[in-house]
Protein chains: 2
Amino acid sequence: MAAPAASSDPVALPQGFSANALHCGLRKDPNHADLGLLLADAARPAAAVFTTNRLVGAHIHVCREHLQQSRGLVRAVLVNARNANCATGEQGIRDARECCAALAERIGCPVEQVLMASTGPIGAPLPKQKILAKLEDLLAGASTGKAHEFARAIMTTDTFPKARTTTFAGTDGTERRATGFSKGAGMIHPNMATMLAFTVADANPADADLAAMCRRIADRSYHRVTIDGDTSPNDTFVVWGGGTIADASTFETAITKLSQDLARLIAKDGEGLTRLITVQVRGAATEAEANHVGRTIGTSPLVKTAVAGLDPNWGRILSAAGRAGVPFDAEKARVWVGDAEVYHKGVPHPEREKAAHEHLVNHVEVVLGVDLGRGNASADIWTCDLTKDYVQINADYRS
Amino acid sequence: MAAPAASSDPVALPQGFSANALHCGLRKDPNHADLGLLLADAARPAAAVFTTNRLVGAHIHVCREHLQQSRGLVRAVLVNARNANCATGEQGIRDARECCAALAERIGCPVEQVLMASTGPIGAPLPKQKILAKLEDLLAGASTGKAHEFARAIMTTDTFPKARTTTFAGTDGTERRATGFSKGAGMIHPNMATMLAFTVADANPADADLAAMCRRIADRSYHRVTIDGDTSPNDTFVVWGGGTIADASTFETAITKLSQDLARLIAKDGEGLTRLITVQVRGAATEAEANHVGRTIGTSPLVKTAVAGLDPNWGRILSAAGRAGVPFDAEKARVWVGDAEVYHKGVPHPEREKAAHEHLVNHVEVVLGVDLGRGNASADIWTCDLTKDYVQINADYRS
């Protein structure tokens with residue numbers, strides 16, 4: 001369903017960035033790149049947010065180390081698909097370091113200015129020789145026109161590459177550009193549930209704590225996607241820019257919007273889905289509370305199977321909100337499906353269920369909403385329905 | 001798969017208790033009882049644990065009120081199926097009170113000595129006239145031999161009735177009896193995900209806080225079952241006994257074991273399941289921590305679909321444990337499937353995956369285990385696999 005929407009926008013890299021992708025032998029299909037590179041013409045400021053999982057991919061150890069040593073200056077990001085380099089112990093960390101070091105040597109920059117990200121099955125040693133053997137070619141072929149190739153290389157079983165470009169004003173009045181890439185989280189394939197996202201920009205926010213901003217952006221975009229509630233050990237989001245300066249608020253607004261678009265594309269590519277669901281939570285006391293209630297609704301199998309069955313089952317929505325741990329009063333709450341308010345402050349409205357059902361039937365992107373009647377904070381969460389195809393895909397024995 | 005195992009034990013009521021069940025018109029099938037009664041020959045001490053959901057069924061408001069007013073003395077419990085009397089506002093609470101009052105009048109006891117429990121779809125008014133019209137017959141037909149009939153009446157789409165009897169020694173050396181009933185939680189049917197459980201016994205624990213004990217028993221039995229993570233607004237567990245006295249520890253051990261057996265029956269009856277899964281968590285710092293990690297694994301769609309696919313996917317188990325929020329070190333953790341330890345302190349053992357796969361193939365009751373390497377606390381959690389049939393059942397439009 002999503003392919004046409006995803007391929008509509010032209011994607012171009014910001015000034016000073018190039019990219020490349022090629023096949024190094026990790027994937028079986030020789031026509032599908034499995035190694036990607038993002039390269040800056042000089043070391044530029046970056047910040048990252050990583051998984052909260054206690055099991056952490058080797059690349060995350062190395063990225064944290066490098067970002068600390070380089071004080072957040074990054075020259076290149078190397079990404080491989082088809083191997084998570086996770087639960088691979090000390091050897092895995094040494095392997096990731098070695099890949100970064102080899103690339104740094106060829107670029108001629110300090111090793112700590114190179115980051116790496118891996119996605120794929122957990123628990124198999126990284127076939128680093130295949131990667132090392134291709135670094136020369138990868139670097140030599142990097143160009144400003146290969147954003148799309150990079151987006152394709154980092155896919156796992158995503159059905160379409162995810163990349164978007166946006167523009168915003170720099171402080172000098174020139175048009176600045178930011179380009180984001182993402183790949184799907186969860187509902188993807190056995191052991192390949194990682195969410196990776198990279199944003200490059202040709203400006204930096206003035207007088208801003210980039211690390212704190214990166215976290216706020218993630219909280220309002222990628223952290224608002226929930227497919228199956230499972231967090232990958234390899235989840236990584238990088239914001240990386242520079243060259244010129246933009247107003248911090250302008251920069252944050254632009255990157256947040258870009259990241260939200262890319263986050264929605266992940267939900268839209270959930271394996272087996274038939275509906276993209278936006279869960280609207282309103283009337284919460286705080287944004288964190290709204291987010292938490294939304295995530296609880298968005299991970300409820302009973303809510304997600306109901307949407308798959310085109311059932312405007314508001315009882316399941318209210319019940320899922322009820323178990324989120326937020327002390328709202330069901331007698332003051334409201335629930336809607338599309339524009340149909342099927343539950344209003346203690347009173348069900350069965351006469352509106354037909355309209356709610358038709359909303360689910362007639363739209364690929366559907367809305368489920370709840371107002372907690374506690375305050376003025378809100379959050380939107382993106383998820384998808386839970387179908388038999390999801391189970392089929394995720395039950396298939398690893399091959 | 002579970003029917004033969006479930007119908008093997010003879011179930012009898014403890015001294016002083018009788019039961020009945022009949023059809024009052026809530027179910028379409030006139031041959032399936034939808035109204036059940038448990039009756040004591042005198043008011044006896046009881047304690048209850050209710051749902052933590054913020055949305056709360058009307059019967060829970062009334063039960064809490066009555067238990068407080070009666071200081072925990074209960075004469076009768078009335079249960080209806082096919083209507084949750086939930087999200088029905090003040091009218092729902094009035095309806096539940098009226099049913100209790102009408103039954104109390106016929107018994108000749110104070111209204112607060114009658115409890116009620118409802119299970120079924122959310123949001124429809126309780127057809128109380130159908131219930132009121134049958135209370136006379138329900139009371140008149142109560143007998144000591146109708147435990148099985150009661151268990152059948154409270155089913156929703158459970159595939160078999162769930163009842164068990166156990167015995168333990170009273171302080172006077174006589175054999176005492178406890179009988180438990182349960183009905184399924186989650187994975188059952190749209191809006192009928194309630195877990196109800198009632199335990200009656202012909203002894204009471206000496207010098208014990210029955211309410212605190214009831215909570216401990218629930219925490220170690222029914223709260224260890226997780227089907228799909230959705231908590232019903234109507235979940236109710238009652239422990240009710242008396243007549244003679246038993247040692248508190250003897251009583252608690254017996255009722256905990258009985259409740260664990262009944263809790264496992266709920267997991268065993270998960271809709272669409274092919275495998276009953278016991279998640280063993282070991283090496284935790286506290287029992288609460290073990291329980292939390294076990295529940296996170298037991299609700300992971302990726303873990304549950306892997307079992308459906310007979311895939312001993314230890315990476316998903318470790319990854320689910322990792323996102324539970326407990327700060328364990330993956331380098332000290334172990335993961336097993338059946339007897340095969342497929343991950344040992346940072347090192348995967350692919351050569352053991354064949355044995356792990358065979359465990360999943362050859363057993364209907366399978367074991368997934370993780371040792372966190374942090375301490376000596378443990379917990380077992382019961383769940384079931386996630387299959388295409390589950391999705392089918394829960395996606396069907398309410399009919």
# chains A, B, ... in the order shown; residues from 1 in each chain; ligands from 1

call {"tool": "residues_around", "arguments": {"residues": "Asn204 (chain B)", "least_positions_apart": "5", "cutoff": "9 Å", "atoms": "only C-alpha atoms", "output": "list in words"}}
result
Pro45, Gly170, Leu210, Trp240, Gly241, Gly242, Gly243, Thr244, Ile245, Ala246, Asp247, Ala248 and Phe251 of chain B

call {"tool": "select_by_dssp", "arguments": {"residues": "region 138-281 of chain B", "states": "strand (DSSP E)", "output": "VMD selection string"}}
result
chain B and resid 162 to 169 175 to 183 196 to 201 203 to 205 236 to 240 244 to 246 276 to 281

call {"tool": "interface_residues", "arguments": {"of": "chain A", "to": "chain B", "cutoff": "8 Å", "atoms": "only C-alpha atoms", "output": "PyMOL selection string"}}
result
chain A and resi 52-55+87-89+122-123+190-191+228-233+300-302+305-311+315-316+318-331+346-348+386-389+391-392+394-398

call {"tool": "select_by_dssp", "arguments": {"residues": "region 129-336 of chain B", "states": "alpha helix (DSSP H)", "output": "compact mmCIF listing (two decimals) with C-alpha atoms, in the first residue's frame"}}
result
# COMPACT_ATOMS: atom_id res chain seq x y z
CA GLN B 129 -34.86 -8.27 34.41
CA LYS B 130 -33.70 -11.56 32.93
CA ILE B 131 -31.46 -12.09 35.96
CA LEU B 132 -34.04 -10.99 38.55
CA LEU B 135 -33.08 -15.71 41.18
CA GLU B 136 -35.84 -17.72 42.87
CA ASP B 137 -35.09 -20.80 40.76
CA LEU B 138 -31.35 -20.30 41.11
CA LEU B 139 -31.56 -20.31 44.90
CA ALA B 140 -34.07 -23.14 45.11
CA ALA B 147 -19.65 -27.33 41.19
CA HIS B 148 -19.19 -28.39 37.57
CA GLU B 149 -22.38 -26.61 36.48
CA PHE B 150 -21.17 -23.39 38.09
CA ALA B 151 -17.78 -23.68 36.35
CA ARG B 152 -19.56 -24.10 33.02
CA ALA B 153 -21.90 -21.13 33.57
CA LEU B 210 -7.05 -12.69 54.70
CA ALA B 211 -6.95 -9.64 52.39
CA ALA B 212 -3.14 -9.55 52.38
CA MET B 213 -2.98 -13.31 51.89
CA CYS B 214 -5.46 -13.12 48.99
CA ARG B 215 -3.20 -10.56 47.30
CA ARG B 216 -0.07 -12.70 47.82
CA ILE B 217 -1.86 -15.74 46.38
CA ALA B 218 -3.04 -13.77 43.34
CA ASP B 219 0.47 -12.39 42.82
CA ALA B 248 -2.22 -19.87 58.06
CA SER B 249 0.84 -21.18 56.28
CA THR B 250 -0.81 -24.53 55.47
CA PHE B 251 -3.85 -22.69 54.14
CA GLU B 252 -1.85 -20.24 52.03
CA THR B 253 0.32 -23.00 50.54
CA ALA B 254 -2.70 -25.09 49.58
CA ILE B 255 -4.67 -22.21 48.05
CA THR B 256 -1.59 -20.87 46.22
CA LYS B 257 -0.94 -24.29 44.63
CA LEU B 258 -4.64 -24.66 43.73
CA SER B 259 -4.67 -21.18 42.21
CA GLN B 260 -1.48 -21.84 40.23
CA ASP B 261 -3.08 -24.95 38.74
CA LEU B 262 -6.15 -22.95 37.76
CA ALA B 263 -4.01 -20.10 36.41
CA ARG B 264 -2.11 -22.54 34.17
CA LEU B 265 -5.46 -23.83 32.88
CA ILE B 266 -6.26 -20.29 31.74
CA ALA B 267 -3.00 -20.08 29.78
CA LYS B 268 -3.65 -23.56 28.44
CA GLU B 287 10.91 -11.92 43.00
CA ALA B 288 9.17 -8.77 41.73
CA GLU B 289 12.03 -8.21 39.27
CA ALA B 290 11.88 -11.83 38.10
CA ASN B 291 8.14 -11.51 37.65
CA HIS B 292 8.53 -8.30 35.65
CA VAL B 293 11.14 -9.77 33.30
CA GLY B 294 9.00 -12.90 32.88
CA ARG B 295 5.95 -10.85 31.98
CA THR B 296 7.93 -8.84 29.44
CA ILE B 297 9.11 -12.03 27.74
CA GLY B 298 5.67 -13.58 28.07
CA PRO B 301 4.82 -10.89 20.17
CA LEU B 302 8.22 -11.75 18.68
CA VAL B 303 8.83 -14.45 21.32
CA LYS B 304 5.29 -15.77 21.07
CA THR B 305 5.24 -15.97 17.27
CA ALA B 306 8.68 -17.67 17.33
CA VAL B 307 7.23 -20.44 19.52
CA ALA B 308 4.27 -20.75 17.15
CA TRP B 314 16.96 -17.07 21.93
CA GLY B 315 17.91 -13.64 20.57
CA ARG B 316 14.26 -12.58 20.90
CA ILE B 317 14.07 -13.96 24.45
CA LEU B 318 17.22 -12.14 25.55
CA SER B 319 16.15 -9.00 23.75
CA ALA B 320 12.71 -9.04 25.42
CA ALA B 321 14.40 -9.51 28.82
CA GLY B 322 16.69 -6.62 27.94

call {"tool": "atom_distance", "arguments": {"atom1": "CA of Lys162 (chain A)", "atom2": "CA of His61 (chain A)"}}
result
25.7 Å

call {"tool": "residues_around", "arguments": {"residues": "Lys28 (chain A)", "least_positions_apart": "5", "cutoff": "10 Å", "atoms": "only C-alpha atoms", "output": "JSON, numbers by chain"}}
result
{"A": [23, 34, 82]}

call {"tool": "write_last_selection", "arguments": {"atoms": "N, CA and C atoms", "output": "PDB file, in the first residue's frame"}}
result
ATOM      1  N   HIS A  23      27.236  -3.966  -2.552  1.00  0.00           N
ATOM      2  CA  HIS A  23      27.022  -5.316  -2.045  1.00  0.00           C
ATOM      3  C   HIS A  23      28.364  -5.910  -1.631  1.00  0.00           C
ATOM      4  N   ASP A  34      24.260  -4.133   0.701  1.00  0.00           N
ATOM      5  CA  ASP A  34      24.167  -4.468   2.118  1.00  0.00           C
ATOM      6  C   ASP A  34      25.148  -3.647   2.968  1.00  0.00           C
ATOM      7  N   ARG A  82      21.926  -7.273   7.470  1.00  0.00           N
ATOM      8  CA  ARG A  82      22.010  -8.740   7.524  1.00  0.00           C
ATOM      9  C   ARG A  82      22.875  -9.300   8.639  1.00  0.00           C
TER      10      ARG A  82
END

call {"tool": "atom_distance", "arguments": {"atom1": "CA of Val77 (chain A)", "atom2": "CA of Leu37 (chain A)"}}
result
5.8 Å

call {"tool": "residues_around", "arguments": {"residues": "Ala163 (chain A)", "least_positions_apart": "4", "cutoff": "7 Å", "atoms": "only C-alpha atoms", "output": "short mmCIF file (atom, residue, chain, number, x, y, z; two decimals) with C-alpha atoms, in the first residue's frame"}}
result
data_model
loop_
_atom_site.label_atom_id
_atom_site.label_comp_id
_atom_site.auth_asym_id
_atom_site.auth_seq_id
_atom_site.Cartn_x
_atom_site.Cartn_y
_atom_site.Cartn_z
CA VAL A 11 15.63 13.06 -1.98
CA ALA A 151 18.37 4.24 1.92
CA GLY A 180 16.58 11.82 6.92
CA PHE A 181 16.80 8.06 6.42
CA SER A 182 15.07 5.36 8.43
#

call {"tool": "residues_around", "arguments": {"residues": "region 279-286 of chain A", "least_positions_apart": "5", "cutoff": "7 Å", "atoms": "only C-alpha atoms", "output": "list in words"}}
result
Gly294, Gly298, Val367, Leu368, Gly369, Val370, Asp371, Leu372, Gly373, Arg374, Gly375, Asn376, Ala377, Ser378, Ala379, Asp380, Ile381 and Trp382 of chain A

call {"tool": "closest_residue", "arguments": {"among": "B:Ser18, B:Thr156, B:Asn234, B:Thr167", "to": "Val49 (chain B)", "atoms": "only C-alpha atoms"}}
result
B:Asn234

call {"tool": "atom_distance", "arguments": {"atom1": "CA of Lys146 (chain B)", "atom2": "CA of Asn20 (chain B)"}}
result
5.7 Å

call {"tool": "closest_residue", "arguments": {"among": "B:Ala81, B:Leu73, B:Ala102, B:Ile107", "to": "Ala33 (chain B)", "atoms": "only C-alpha atoms"}}
result
B:Ala81
